[in-house]
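As provided, protein-v1.cif (mmCIF, C-alpha atoms) reads as follows.
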```cif
data_target
loop_
_atom_site.label_atom_id
_atom_site.label_comp_id
_atom_site.auth_asym_id
_atom_site.auth_seq_id
_atom_site.Cartn_x
_atom_site.Cartn_y
_atom_site.Cartn_z
CA MET R 851 -17.65 44.92 -22.74
CA ASP R 852 -15.29 45.72 -25.59
CA LYS R 853 -15.15 42.95 -28.22
CA LYS R 854 -11.36 42.94 -28.24
CA LEU R 855 -11.31 42.23 -24.50
CA LEU R 856 -13.90 39.50 -24.94
CA TYR R 857 -11.94 37.88 -27.78
CA LYS R 858 -8.76 38.00 -25.73
CA MET R 859 -10.43 36.31 -22.78
CA LEU R 860 -11.88 33.63 -25.05
CA ALA R 861 -8.46 33.04 -26.59
CA ILE R 862 -6.87 32.66 -23.14
CA GLY R 863 -9.61 30.22 -22.12
CA LEU R 864 -9.12 28.20 -25.30
CA MET R 865 -5.34 27.97 -24.76
CA THR R 866 -5.89 26.89 -21.18
CA ILE R 867 -8.10 24.06 -22.42
CA LEU R 868 -5.60 23.12 -25.15
CA LEU R 869 -2.85 22.80 -22.57
CA LEU R 870 -4.87 19.98 -21.00
CA ILE R 871 -3.64 17.83 -23.92
CA PRO R 872 0.10 17.89 -23.07
CA LEU R 873 -0.73 17.67 -19.37
CA GLY R 874 -2.86 14.60 -20.05
CA LEU R 875 -0.11 13.00 -22.15
CA ILE R 876 2.42 13.56 -19.39
CA GLU R 877 0.01 12.10 -16.82
CA ASP R 878 -0.42 9.02 -19.03
CA GLN R 879 3.37 8.67 -19.17
CA ILE R 880 3.60 8.89 -15.38
CA ARG R 881 0.88 6.26 -15.04
CA ALA R 882 2.66 3.99 -17.53
CA ARG R 883 5.94 4.25 -15.60
CA SER R 884 4.08 3.50 -12.37
CA ASN R 885 2.50 0.41 -13.94
CA ARG R 886 5.91 -0.70 -15.12
CA GLN R 887 7.22 -0.34 -11.56
CA ASN R 888 4.37 -2.55 -10.32
CA GLU R 889 5.16 -5.13 -13.00
CA VAL R 890 8.80 -5.25 -11.94
CA GLN R 891 7.78 -5.68 -8.30
CA GLN R 892 5.46 -8.52 -9.29
CA ASN R 893 8.17 -10.17 -11.41
CA ILE R 894 10.64 -10.02 -8.54
CA ALA R 895 7.98 -11.44 -6.21
CA ASN R 896 7.36 -14.27 -8.70
CA SER R 897 11.09 -15.03 -8.77
CA ALA R 898 11.63 -14.84 -5.00
CA ALA R 899 8.48 -14.85 -2.86
CA GLY R 900 5.41 -12.68 -2.63
CA ALA R 901 3.77 -10.96 0.32
CA GLN R 902 3.74 -13.39 3.24
CA THR R 903 0.90 -14.26 5.58
CA LEU R 904 1.45 -16.67 8.48
CA SER R 905 -1.57 -18.53 9.84
CA GLY R 906 -1.29 -20.79 12.86
CA PRO R 907 0.09 -23.04 14.00
CA VAL R 908 -3.07 -24.98 14.76
CA ILE R 909 -3.75 -28.63 15.47
CA ALA R 910 -6.01 -30.63 13.17
CA LEU R 911 -7.78 -33.51 14.89
CA ARG R 912 -9.07 -36.14 12.49
CA TYR R 913 -11.23 -38.81 14.07
CA HIS R 914 -14.03 -41.31 13.55
CA GLU R 915 -17.35 -40.54 15.19
CA ALA R 916 -20.04 -43.17 15.57
CA VAL R 917 -23.40 -42.30 14.05
CA GLU R 918 -26.75 -44.11 13.95
CA PRO R 919 -26.00 -47.71 12.96
CA GLU R 920 -27.35 -49.18 9.78
CA VAL R 921 -30.21 -51.60 10.53
CA SER R 922 -30.98 -54.49 8.20
CA LYS R 923 -33.00 -57.71 8.46
CA ASP R 924 -31.49 -61.17 8.08
CA PRO R 925 -33.59 -62.82 5.35
CA GLU R 926 -33.16 -66.30 6.85
CA SER R 927 -33.67 -65.74 10.56
CA GLY R 928 -35.63 -62.53 10.36
CA ARG R 929 -33.43 -60.99 13.06
CA LEU R 930 -32.43 -57.32 12.92
CA ILE R 931 -28.73 -56.71 12.24
CA ARG R 932 -27.14 -53.47 13.43
CA THR R 933 -24.02 -52.47 11.50
CA PRO R 934 -21.91 -49.74 13.15
CA ARG R 935 -21.29 -46.67 11.03
CA TYR R 936 -18.67 -43.97 11.42
CA VAL R 937 -18.00 -40.64 9.78
CA VAL R 938 -14.59 -39.03 9.52
CA LYS R 939 -14.47 -35.52 10.95
CA THR R 940 -11.82 -32.84 11.30
CA ARG R 941 -11.59 -30.27 14.06
CA LEU R 942 -9.07 -27.44 14.15
CA LEU R 943 -7.88 -26.33 17.56
CA PRO R 944 -6.05 -23.10 18.43
CA PRO R 945 -2.98 -22.97 20.66
CA GLU R 946 -3.66 -21.93 24.23
CA THR R 947 -0.70 -19.52 24.00
CA LEU R 948 1.20 -18.29 20.97
CA ASN R 949 4.35 -16.18 21.20
CA ILE R 950 6.03 -14.93 18.03
CA SER R 951 9.09 -12.73 17.82
CA GLY R 952 11.17 -11.79 14.83
CA GLU R 953 13.60 -9.41 13.21
CA ALA R 954 13.38 -8.39 9.56
CA LYS R 955 16.09 -6.98 7.34
CA VAL R 956 14.99 -5.23 4.15
CA GLU R 957 16.85 -5.55 0.88
CA ALA R 958 16.29 -3.59 -2.35
CA ARG R 959 16.34 -5.59 -5.59
CA ASN R 960 16.83 -3.56 -8.78
CA ARG R 961 15.91 -4.21 -12.37
CA GLY R 962 17.07 -1.28 -14.41
CA ILE R 963 15.78 1.90 -12.77
CA TYR R 964 12.98 0.04 -10.99
CA GLN R 965 13.21 -1.76 -7.67
CA ALA R 966 11.30 -3.87 -5.21
CA ARG R 967 11.89 -4.50 -1.52
CA LEU R 968 12.42 -7.97 -0.09
CA PHE R 969 12.41 -8.68 3.61
CA HIS R 970 14.37 -11.47 5.28
CA LEU R 971 12.69 -12.40 8.55
CA ASN R 972 14.23 -14.47 11.34
CA LEU R 973 11.24 -15.68 13.32
CA GLN R 974 10.89 -17.60 16.57
CA ALA R 975 7.51 -19.13 17.49
CA ALA R 976 6.56 -20.94 20.69
CA GLY R 977 3.38 -21.94 22.44
CA ARG R 978 1.25 -24.63 24.01
CA PHE R 979 -1.70 -26.71 22.90
CA VAL R 980 -4.08 -28.23 25.43
CA ILE R 981 -6.46 -30.80 23.95
CA ALA R 982 -9.29 -31.54 26.36
CA PRO R 983 -10.93 -35.01 26.42
CA LEU R 984 -13.30 -35.32 23.53
CA GLY R 985 -16.96 -35.43 24.49
CA GLY R 986 -19.52 -38.05 23.60
CA GLU R 987 -20.46 -41.48 24.81
CA ALA R 988 -17.82 -44.10 25.38
CA GLY R 989 -16.64 -45.46 22.07
CA ALA R 990 -18.42 -42.74 20.12
CA ILE R 991 -15.10 -41.16 19.08
CA SER R 992 -12.12 -43.25 18.04
CA ASN R 993 -9.00 -43.26 15.88
CA VAL R 994 -8.01 -39.71 16.84
CA GLU R 995 -4.97 -38.47 14.90
CA ALA R 996 -3.38 -35.07 15.57
CA THR R 997 -1.42 -32.98 13.05
CA LEU R 998 0.35 -29.70 13.63
CA ILE R 999 -0.39 -27.32 10.74
CA LEU R 1000 1.27 -24.02 9.85
CA GLY R 1001 -0.29 -22.03 7.02
CA LEU R 1002 1.98 -19.92 4.83
CA SER R 1003 0.84 -17.96 1.78
CA ASP R 1004 4.05 -18.51 -0.21
CA PRO R 1005 6.17 -21.46 1.01
CA ARG R 1006 8.88 -20.59 -1.54
CA GLY R 1007 10.02 -17.99 0.98
CA VAL R 1008 11.01 -20.58 3.59
CA ASP R 1009 14.81 -20.30 3.60
CA SER R 1010 15.65 -23.28 5.79
CA ASP R 1011 14.34 -26.59 7.08
CA PRO R 1012 13.65 -25.69 10.71
CA GLU R 1013 13.76 -28.13 13.60
CA VAL R 1014 10.52 -28.12 15.55
CA SER R 1015 10.59 -29.00 19.24
CA ILE R 1016 7.37 -30.74 20.36
CA ASN R 1017 7.35 -31.84 23.99
CA GLY R 1018 11.15 -31.92 23.86
CA GLN R 1019 11.32 -34.08 20.73
CA ARG R 1020 12.85 -32.82 17.50
CA ARG R 1021 10.64 -32.97 14.45
CA ARG R 1022 10.65 -31.44 10.98
CA PHE R 1023 7.88 -30.05 8.84
CA ALA R 1024 6.67 -32.11 5.91
CA SER R 1025 6.91 -30.70 2.40
CA PRO R 1026 4.50 -27.83 1.65
CA SER R 1027 1.13 -28.87 0.35
CA GLY R 1028 -1.76 -26.98 -1.12
CA LYS R 1029 -5.39 -27.09 -0.12
CA THR R 1030 -6.83 -30.59 -0.09
CA LYS R 1031 -10.24 -31.97 0.61
CA SER R 1032 -9.24 -33.17 4.07
CA ASP R 1033 -7.85 -29.82 5.25
CA ALA R 1034 -10.36 -27.53 3.57
CA GLU R 1035 -10.63 -25.43 6.73
CA LEU R 1036 -7.16 -23.96 6.04
CA PRO R 1037 -7.41 -22.62 2.46
CA MET R 1038 -3.73 -21.93 1.87
CA PRO R 1039 -0.44 -23.82 1.43
CA GLN R 1040 0.78 -25.36 4.64
CA LEU R 1041 3.61 -27.07 6.50
CA SER R 1042 2.62 -29.99 8.73
CA ILE R 1043 3.91 -32.45 11.33
CA ALA R 1044 2.08 -35.66 12.28
CA LEU R 1045 1.75 -35.83 16.08
CA GLY R 1046 0.36 -39.35 16.23
CA SER R 1047 -2.66 -40.86 17.98
CA ILE R 1048 -4.44 -39.35 20.97
CA ASP R 1049 -6.56 -41.09 23.57
CA PRO R 1050 -9.94 -39.31 23.23
CA ALA R 1051 -10.75 -39.95 26.87
CA GLN R 1052 -7.58 -38.31 28.19
CA GLY R 1053 -6.71 -35.54 25.71
CA ALA R 1054 -3.14 -34.31 25.34
CA THR R 1055 -0.79 -31.37 25.81
CA PHE R 1056 1.81 -30.22 23.30
CA ASN R 1057 4.49 -27.63 23.95
CA PHE R 1058 6.11 -26.46 20.76
CA SER R 1059 8.79 -24.07 19.52
CA PHE R 1060 10.50 -23.57 16.20
CA PRO R 1061 12.54 -21.00 14.27
CA LEU R 1062 11.55 -19.88 10.80
CA GLN R 1063 13.61 -17.97 8.28
CA LEU R 1064 11.26 -16.36 5.82
CA THR R 1065 11.67 -14.19 2.73
CA GLY R 1066 8.87 -12.12 1.25
CA THR R 1067 8.06 -9.00 -0.72
CA GLU R 1068 6.68 -5.72 0.61
CA ARG R 1069 4.30 -7.09 3.29
CA PHE R 1070 4.27 -9.51 6.21
CA ALA R 1071 1.10 -10.48 8.08
CA ILE R 1072 0.23 -12.82 10.97
CA ALA R 1073 -3.18 -14.30 11.69
CA PRO R 1074 -3.36 -14.43 15.52
CA SER R 1075 -4.81 -17.91 15.90
CA GLY R 1076 -3.95 -18.45 19.59
CA GLU R 1077 -6.21 -17.95 22.58
CA ALA R 1078 -3.56 -15.54 23.87
CA ASN R 1079 -1.22 -14.04 21.27
CA SER R 1080 1.96 -12.06 21.82
CA VAL R 1081 3.84 -10.79 18.76
CA GLN R 1082 7.05 -8.77 18.74
CA LEU R 1083 8.65 -7.57 15.53
CA LYS R 1084 11.57 -5.28 14.82
CA SER R 1085 13.42 -4.24 11.71
CA ASP R 1086 16.00 -1.84 10.32
CA TRP R 1087 13.30 -0.37 8.03
CA ARG R 1088 12.38 3.18 9.09
CA HIS R 1089 9.08 3.50 7.23
CA PRO R 1090 6.69 0.74 8.37
CA ASN R 1091 2.96 0.87 7.76
CA PHE R 1092 1.03 -1.07 10.42
CA GLY R 1093 -2.26 -2.43 9.14
CA GLY R 1094 -4.74 -5.26 9.34
CA ARG R 1095 -7.41 -5.61 12.03
CA PHE R 1096 -4.99 -5.15 14.93
CA LEU R 1097 -2.63 -2.26 15.59
CA PRO R 1098 0.38 -2.70 17.88
CA ARG R 1099 -0.05 -1.91 21.55
CA GLU R 1100 3.45 -0.44 21.60
CA ARG R 1101 5.62 0.78 18.77
CA GLN R 1102 8.80 2.77 18.33
CA ILE R 1103 10.06 4.21 15.05
CA SER R 1104 13.46 5.86 14.80
CA ALA R 1105 16.31 6.43 12.37
CA ASP R 1106 17.55 2.91 13.21
CA GLY R 1107 14.29 1.16 12.32
CA PHE R 1108 11.17 0.15 14.21
CA SER R 1109 9.96 -2.21 16.91
CA ALA R 1110 6.36 -3.13 17.66
CA HIS R 1111 4.49 -5.31 20.16
CA TRP R 1112 1.00 -6.78 19.80
CA GLU R 1113 -1.11 -8.46 22.51
CA ILE R 1114 -4.29 -10.07 21.15
CA SER R 1115 -6.70 -12.27 23.09
CA HIS R 1116 -9.31 -14.69 21.79
CA LEU R 1117 -11.95 -12.13 22.76
CA ALA R 1118 -10.64 -9.72 20.12
CA ARG R 1119 -10.33 -12.13 17.21
CA ASN R 1120 -12.50 -14.65 15.39
CA PHE R 1121 -10.74 -18.02 15.22
CA ALA R 1122 -12.55 -19.14 12.06
CA ASN R 1123 -11.47 -15.95 10.28
CA THR R 1124 -7.82 -16.39 11.28
CA LEU R 1125 -7.83 -19.64 9.33
CA ASN R 1126 -8.66 -17.70 6.17
CA PRO R 1127 -6.35 -14.67 5.90
CA ALA R 1128 -8.44 -13.34 3.03
CA SER R 1129 -10.95 -12.33 5.71
CA GLY R 1130 -8.50 -9.67 6.90
CA GLU R 1131 -8.24 -11.04 10.46
CA VAL R 1132 -4.51 -10.31 10.58
CA LEU R 1133 -1.92 -7.90 11.90
CA SER R 1134 0.45 -6.68 9.24
CA VAL R 1135 3.54 -4.61 8.50
CA ASP R 1136 4.08 -3.08 5.07
CA PHE R 1137 7.64 -2.11 4.20
CA VAL R 1138 6.48 0.91 2.23
CA ASP R 1139 8.50 3.26 0.07
CA PRO R 1140 8.74 6.55 1.98
CA VAL R 1141 8.59 8.54 -1.26
CA ASN R 1142 6.73 6.94 -4.15
CA VAL R 1143 7.96 9.18 -6.95
CA TYR R 1144 5.23 8.12 -9.36
CA LEU R 1145 2.48 8.76 -6.84
CA GLN R 1146 4.02 12.12 -5.95
CA ALA R 1147 4.37 13.12 -9.60
CA GLU R 1148 0.82 12.02 -10.39
CA ARG R 1149 -0.49 14.08 -7.48
CA ALA R 1150 1.60 17.06 -8.64
CA ILE R 1151 0.31 17.04 -12.22
CA LYS R 1152 -3.28 17.17 -10.98
CA TYR R 1153 -2.44 20.74 -10.02
CA GLY R 1154 -1.01 21.47 -13.48
CA ILE R 1155 -4.11 23.19 -14.83
CA LEU R 1156 -4.21 25.31 -11.65
CA PHE R 1157 -0.63 26.43 -12.36
CA VAL R 1158 -1.55 27.36 -15.92
CA ALA R 1159 -4.71 29.22 -14.88
CA LEU R 1160 -2.95 31.23 -12.17
CA THR R 1161 -0.05 32.12 -14.48
CA PHE R 1162 -2.39 33.20 -17.27
CA ALA R 1163 -4.37 35.24 -14.74
CA GLY R 1164 -1.14 37.01 -13.81
CA PHE R 1165 -0.42 37.73 -17.47
CA PHE R 1166 -3.88 39.08 -17.99
CA LEU R 1167 -3.59 41.36 -14.98
CA THR R 1168 -0.31 42.65 -16.35
CA GLU R 1169 -1.96 43.46 -19.65
CA ILE R 1170 -4.79 45.30 -17.93
CA LEU R 1171 -2.89 47.19 -15.27
CA ARG R 1172 0.23 48.05 -17.25
CA ARG R 1173 -1.41 48.35 -20.65
CA SER R 1174 1.23 45.93 -21.94
CA PRO R 1175 -0.25 43.63 -24.57
CA ILE R 1176 0.86 39.99 -24.46
CA HIS R 1177 0.38 37.90 -27.60
CA PRO R 1178 -1.56 34.62 -27.33
CA MET R 1179 1.53 32.78 -28.61
CA GLN R 1180 3.44 34.04 -25.57
CA TYR R 1181 0.72 32.67 -23.35
CA LEU R 1182 1.01 29.32 -25.10
CA LEU R 1183 4.80 29.10 -24.86
CA VAL R 1184 4.78 29.85 -21.14
CA GLY R 1185 1.98 27.31 -20.63
CA LEU R 1186 4.05 24.64 -22.41
CA ALA R 1187 7.04 25.48 -20.21
CA LEU R 1188 4.83 24.92 -17.16
CA ALA R 1189 3.75 21.54 -18.56
CA ILE R 1190 7.36 20.50 -19.27
CA PHE R 1191 8.10 20.92 -15.55
CA PHE R 1192 6.09 17.78 -14.75
CA LEU R 1193 7.88 15.75 -17.42
CA LEU R 1194 11.26 16.87 -16.08
CA LEU R 1195 10.11 16.00 -12.57
CA ILE R 1196 9.28 12.37 -13.31
CA ALA R 1197 12.34 11.89 -15.54
CA LEU R 1198 14.76 13.20 -12.90
CA SER R 1199 13.06 11.54 -9.93
CA GLU R 1200 13.74 8.09 -11.41
CA HIS R 1201 17.45 8.76 -10.90
CA LEU R 1202 17.64 11.35 -8.09
CA PRO R 1203 15.88 11.88 -4.76
CA PHE R 1204 12.45 13.43 -5.25
CA VAL R 1205 13.25 16.66 -3.41
CA VAL R 1206 16.36 17.20 -5.55
CA SER R 1207 14.41 16.42 -8.74
CA TYR R 1208 11.67 18.83 -7.73
CA GLY R 1209 14.17 21.58 -6.99
CA LEU R 1210 16.06 21.13 -10.28
CA SER R 1211 12.90 20.93 -12.39
CA SER R 1212 11.26 23.96 -10.82
CA ALA R 1213 14.48 26.00 -10.93
CA ALA R 1214 14.95 25.22 -14.63
CA CYS R 1215 11.38 26.18 -15.53
CA ILE R 1216 11.38 29.32 -13.37
CA LEU R 1217 14.67 30.49 -14.91
CA LEU R 1218 13.42 29.77 -18.44
CA ILE R 1219 10.09 31.55 -17.96
CA GLY R 1220 11.67 34.48 -16.11
CA THR R 1221 14.28 35.02 -18.82
CA TYR R 1222 11.69 34.74 -21.58
CA LEU R 1223 9.29 37.18 -19.93
CA ALA R 1224 12.07 39.68 -19.24
CA GLY R 1225 12.41 40.00 -23.00
CA ALA R 1226 8.75 39.59 -23.88
CA LEU R 1227 7.56 42.21 -21.40
CA GLY R 1228 10.39 44.61 -22.17
CA GLY R 1229 11.90 44.67 -18.70
CA THR R 1230 14.00 42.50 -16.43
CA ARG R 1231 12.05 43.67 -13.41
CA GLN R 1232 8.73 42.33 -14.75
CA GLY R 1233 10.31 39.05 -15.82
CA PHE R 1234 11.82 38.41 -12.41
CA ALA R 1235 8.62 39.51 -10.69
CA PHE R 1236 6.81 36.71 -12.51
CA ALA R 1237 9.66 34.35 -11.67
CA GLY R 1238 9.20 35.23 -7.99
CA GLY R 1239 5.51 34.52 -8.22
CA LEU R 1240 6.18 31.14 -9.85
CA THR R 1241 8.68 30.32 -7.12
CA GLY R 1242 5.93 30.85 -4.58
CA LEU R 1243 3.57 28.61 -6.57
CA TYR R 1244 6.11 25.79 -6.76
CA GLY R 1245 6.80 26.15 -3.05
CA VAL R 1246 3.09 25.84 -2.26
CA LEU R 1247 2.77 22.79 -4.52
CA TYR R 1248 5.67 21.07 -2.78
CA GLY R 1249 4.01 21.75 0.56
CA VAL R 1250 0.81 20.17 -0.76
CA LEU R 1251 2.72 17.07 -1.89
CA LEU R 1252 4.37 16.67 1.50
CA SER R 1253 1.14 17.14 3.44
CA GLU R 1254 -1.50 15.01 1.76
CA ASP R 1255 -3.91 15.45 4.67
CA ASN R 1256 -3.84 19.24 4.25
CA ALA R 1257 -3.88 19.28 0.43
CA LEU R 1258 -7.47 20.50 0.15
CA LEU R 1259 -6.93 23.22 2.75
CA MET R 1260 -3.77 24.51 1.12
CA GLY R 1261 -5.31 24.40 -2.36
CA ALA R 1262 -8.40 26.28 -1.18
CA ILE R 1263 -6.26 28.96 0.51
CA LEU R 1264 -4.17 29.35 -2.65
CA LEU R 1265 -7.26 29.85 -4.82
CA PHE R 1266 -8.74 32.30 -2.35
CA LEU R 1267 -5.55 34.36 -2.28
CA ALA R 1268 -5.37 34.38 -6.08
CA LEU R 1269 -8.98 35.54 -6.36
CA ALA R 1270 -8.51 38.13 -3.61
CA THR R 1271 -5.40 39.51 -5.30
CA THR R 1272 -7.22 39.81 -8.63
CA MET R 1273 -10.24 41.49 -7.09
CA LEU R 1274 -8.19 43.99 -5.09
CA ALA R 1275 -5.92 44.82 -8.03
CA THR R 1276 -8.88 45.50 -10.35
CA ARG R 1277 -11.37 46.96 -7.89
CA ARG R 1278 -11.23 50.43 -9.52
CA LEU R 1279 -10.80 49.24 -13.08
CA ASP R 1280 -13.29 50.30 -15.75
CA TRP R 1281 -13.69 47.12 -17.75
CA TYR R 1282 -15.72 48.92 -20.45
CA ARG R 1283 -12.83 51.16 -21.41
CA ILE R 1284 -9.78 48.90 -21.34
CA GLY R 1285 -10.39 46.76 -24.41
CA ALA R 1286 -8.89 49.13 -26.94
CA SER R 1287 -5.63 49.46 -25.00
CA LEU R 1288 -4.89 45.72 -25.17
CA ASN R 1289 -4.25 45.87 -28.93
CA PRO R 1290 -3.32 49.47 -29.64
CA THR R 1291 -2.04 48.71 -33.12
CA VAL R 1292 -5.37 47.41 -34.27
CA GLU R 1293 -7.85 50.02 -35.49
#
```

As structure tokens, how would this structure be written, given the file I've shared?
Amino acid sequence: MDKKLLYKMLAIGLMTILLLIPLGLIEDQIRARSNRQNEVQQNIANSAAGAQTLSGPVIALRYHEAVEPEVSKDPESGRLIRTPRYVVKTRLLPPETLNISGEAKVEARNRGIYQARLFHLNLQAAGRFVIAPLGGEAGAISNVEATLILGLSDPRGVDSDPEVSINGQRRRFASPSGKTKSDAELPMPQLSIALGSIDPAQGATFNFSFPLQLTGTERFAIAPSGEANSVQLKSDWRHPNFGGRFLPRERQISADGFSAHWEISHLARNFANTLNPASGEVLSVDFVDPVNVYLQAERAIKYGILFVALTFAGFFLTEILRRSPIHPMQYLLVGLALAIFFLLLIALSEHLPFVVSYGLSSAACILLIGTYLAGALGGTRQGFAFAGGLTGLYGVLYGVLLSEDNALLMGAILLFLALATTMLATRRLDWYRIGASLNPTVE
């Protein structure tokens, strides 16, 4: 192979590698802006309320259970003395039925150009507890006290003091409390209502209902603690993400929002895990951003080096097929213009819809490169031919960004077409004899 051709190919490869530096700097900037967005969301959550997880309600039974008595000997009479002993135990009981329905309205809170989404949820919960007679010998269990407990990950989001109906009587929740030694089975802040004493030989039944106005950030989850759980949620948000261990049985998503219905039995859930939402035994709705501009821009820039390589390959083919030498500096300037596209994209998308930002950024770069190449290659036709090729590349990239599941397929097809085009265009080319024509002024 001619040395001049080899040197030119090495120079193009070196410039391609050098362009990784500005692309990397732009990617760092995108990542920094994304981190700043997350910080703002966290700050707003700290000021209002964070992601909310509802666990319960459940009933905590605290009681004394007789154990083996303490036996001692009277030193005077020598008689054995049996002293009764009791241990305090706690048992958490699920509701027999639990019905929850609610409607959420989503609000955007802005700090500068960044924003977070708060949801305001009007919730209605109702159900029934059936406490069977406690087992054991007569007198073995005594002093049974029942407490209704509702776990809530961030009680700051409770917007009102709801009235709770229990067997037709109006009650109110006590002030939120954190985890204590006596309620260690529910490792989260909680609201509670004392239900009073229960006869261990007869058991008890409690019918309950209460409203709950709740504010949170980004995500709402429910731990289905009941034996039979029915949950219905609806909202004006059009982009829900249903997650957790349980997907809705029915759901509808439209331009007006979404509605979803869950039916979960005790056979499908683990009661112990529902008491600890960190176990993931929840159903959840994330009020996600339909277009995360930072994620989209970060995905786009990962294809930046592919853009540069394909554009340089087109230049090189032009040199070979048309015997039109292109200076390495021209390669570099066009490569920098391609890199600037990604910086324009993230800068504009913070103020405009992503599709508009993408269109403006790509149009500006295509027009700049096309105009430059029209002069550099000595012909408007060649300049606009390259501009047309770049338009196709930007169109393919946008398709990749919209269809994440097909990104690999589309990228593979693009590379195959680029390689096929190069091979077909140079299939009759004598590579040993083209080196001298690339730099005709050099002897």

Subject >> Selection: 7 Å around Pro945 (chain R), all atoms listed in the file, excl. self and same-chain fewer than 5 positions, as JSON, numbers by chain >> reply: {"R": [908, 977, 978, 979, 1076, 1077]}

Could you write those residues out with C-alpha atoms, as a JSON list (two decimals), in the coordinates of the input?
```json
[["chain", "number", "residue", "atom", "x", "y", "z"],
["R", 908, "VAL", "CA", -3.07, -24.98, 14.76],
["R", 977, "GLY", "CA", 3.38, -21.94, 22.44],
["R", 978, "ARG", "CA", 1.25, -24.63, 24.01],
["R", 979, "PHE", "CA", -1.70, -26.71, 22.90],
["R", 1076, "GLY", "CA", -3.95, -18.45, 19.59],
["R", 1077, "GLU", "CA", -6.21, -17.95, 22.58]]
```

Report the closest atom pair, with its distance in Å rounded to one decimal, for each residue of region 920-964 of chain R that has an atom no farther than 10 Å from region 1056-1065 of chain R; count all atoms listed in the file, sort by chain and then rising residue number, and write it as a Markdown table.
```
| residue | atom | partner | partner_atom | distance |
| --- | --- | --- | --- | --- |
| R:Pro945 | CA | R:Phe1056 | CA | 9.1 |
| R:Glu946 | CA | R:Asn1057 | CA | 9.9 |
| R:Thr947 | CA | R:Asn1057 | CA | 9.6 |
| R:Leu948 | CA | R:Phe1058 | CA | 9.5 |
| R:Asn949 | CA | R:Ser1059 | CA | 9.2 |
| R:Ile950 | CA | R:Pro1061 | CA | 9.7 |
| R:Ser951 | CA | R:Pro1061 | CA | 9.6 |
| R:Gly952 | CA | R:Leu1062 | CA | 9.0 |
| R:Glu953 | CA | R:Gln1063 | CA | 9.9 |
| R:Ala954 | CA | R:Leu1064 | CA | 9.1 |
| R:Lys955 | CA | R:Thr1065 | CA | 9.6 |
| R:Val956 | CA | R:Thr1065 | CA | 9.7 |
```

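For the atom pair formed by CA of Leu943 (chain R) and CA of Ile909 (chain R), the distance is 5.2 Å, given to one decimal.
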
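Using all atoms listed in the file, the shortest contact distance between Gln1019 (chain R) and any of R:Leu1000, R:His1116, R:Val917, R:Leu1045 is found at R:Leu1045.
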
**OP:** Starting from the shown file, work through the PyMOL selection byres ((chain R and resi 1134) around 7) and note down what comes out as a PyMOL selection string.
**Re:** chain R and resi 1070-1072+1092-1094+1132-1133+1135-1136

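You can rank R:Tyr1248, R:Tyr1181, R:Leu904, R:Met859 by their closest distance to Ala1150 (chain R) using only C-alpha atoms, and at the top of that list sits R:Tyr1248.
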
Just save region 935-952 of chain R with C-alpha atoms, as a PDB file, in the first residue's frame.
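Listing of selection-v8.pdb after writing:
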```pdb
ATOM      1  CA  ARG R 935     -44.478 -15.642  85.555  1.00  0.00           C
ATOM      2  CA  TYR R 936     -45.647 -13.873  82.425  1.00  0.00           C
ATOM      3  CA  VAL R 937     -43.980 -12.631  79.272  1.00  0.00           C
ATOM      4  CA  VAL R 938     -45.262  -9.768  77.156  1.00  0.00           C
ATOM      5  CA  LYS R 939     -45.777 -10.703  73.518  1.00  0.00           C
ATOM      6  CA  THR R 940     -46.932  -8.883  70.409  1.00  0.00           C
ATOM      7  CA  ARG R 941     -48.793 -10.404  67.494  1.00  0.00           C
ATOM      8  CA  LEU R 942     -49.635  -8.551  64.293  1.00  0.00           C
ATOM      9  CA  LEU R 943     -52.840  -9.545  62.546  1.00  0.00           C
ATOM     10  CA  PRO R 944     -53.869  -8.733  58.970  1.00  0.00           C
ATOM     11  CA  PRO R 945     -57.318  -7.444  58.030  1.00  0.00           C
ATOM     12  CA  GLU R 946     -59.663 -10.059  56.647  1.00  0.00           C
ATOM     13  CA  THR R 947     -60.565  -7.649  53.827  1.00  0.00           C
ATOM     14  CA  LEU R 948     -58.846  -4.466  52.712  1.00  0.00           C
ATOM     15  CA  ASN R 949     -60.295  -2.129  50.087  1.00  0.00           C
ATOM     16  CA  ILE R 950     -58.336   0.942  49.003  1.00  0.00           C
ATOM     17  CA  SER R 951     -59.350   3.445  46.360  1.00  0.00           C
ATOM     18  CA  GLY R 952     -57.816   6.764  45.493  1.00  0.00           C
TER      19      GLY R 952
END
```
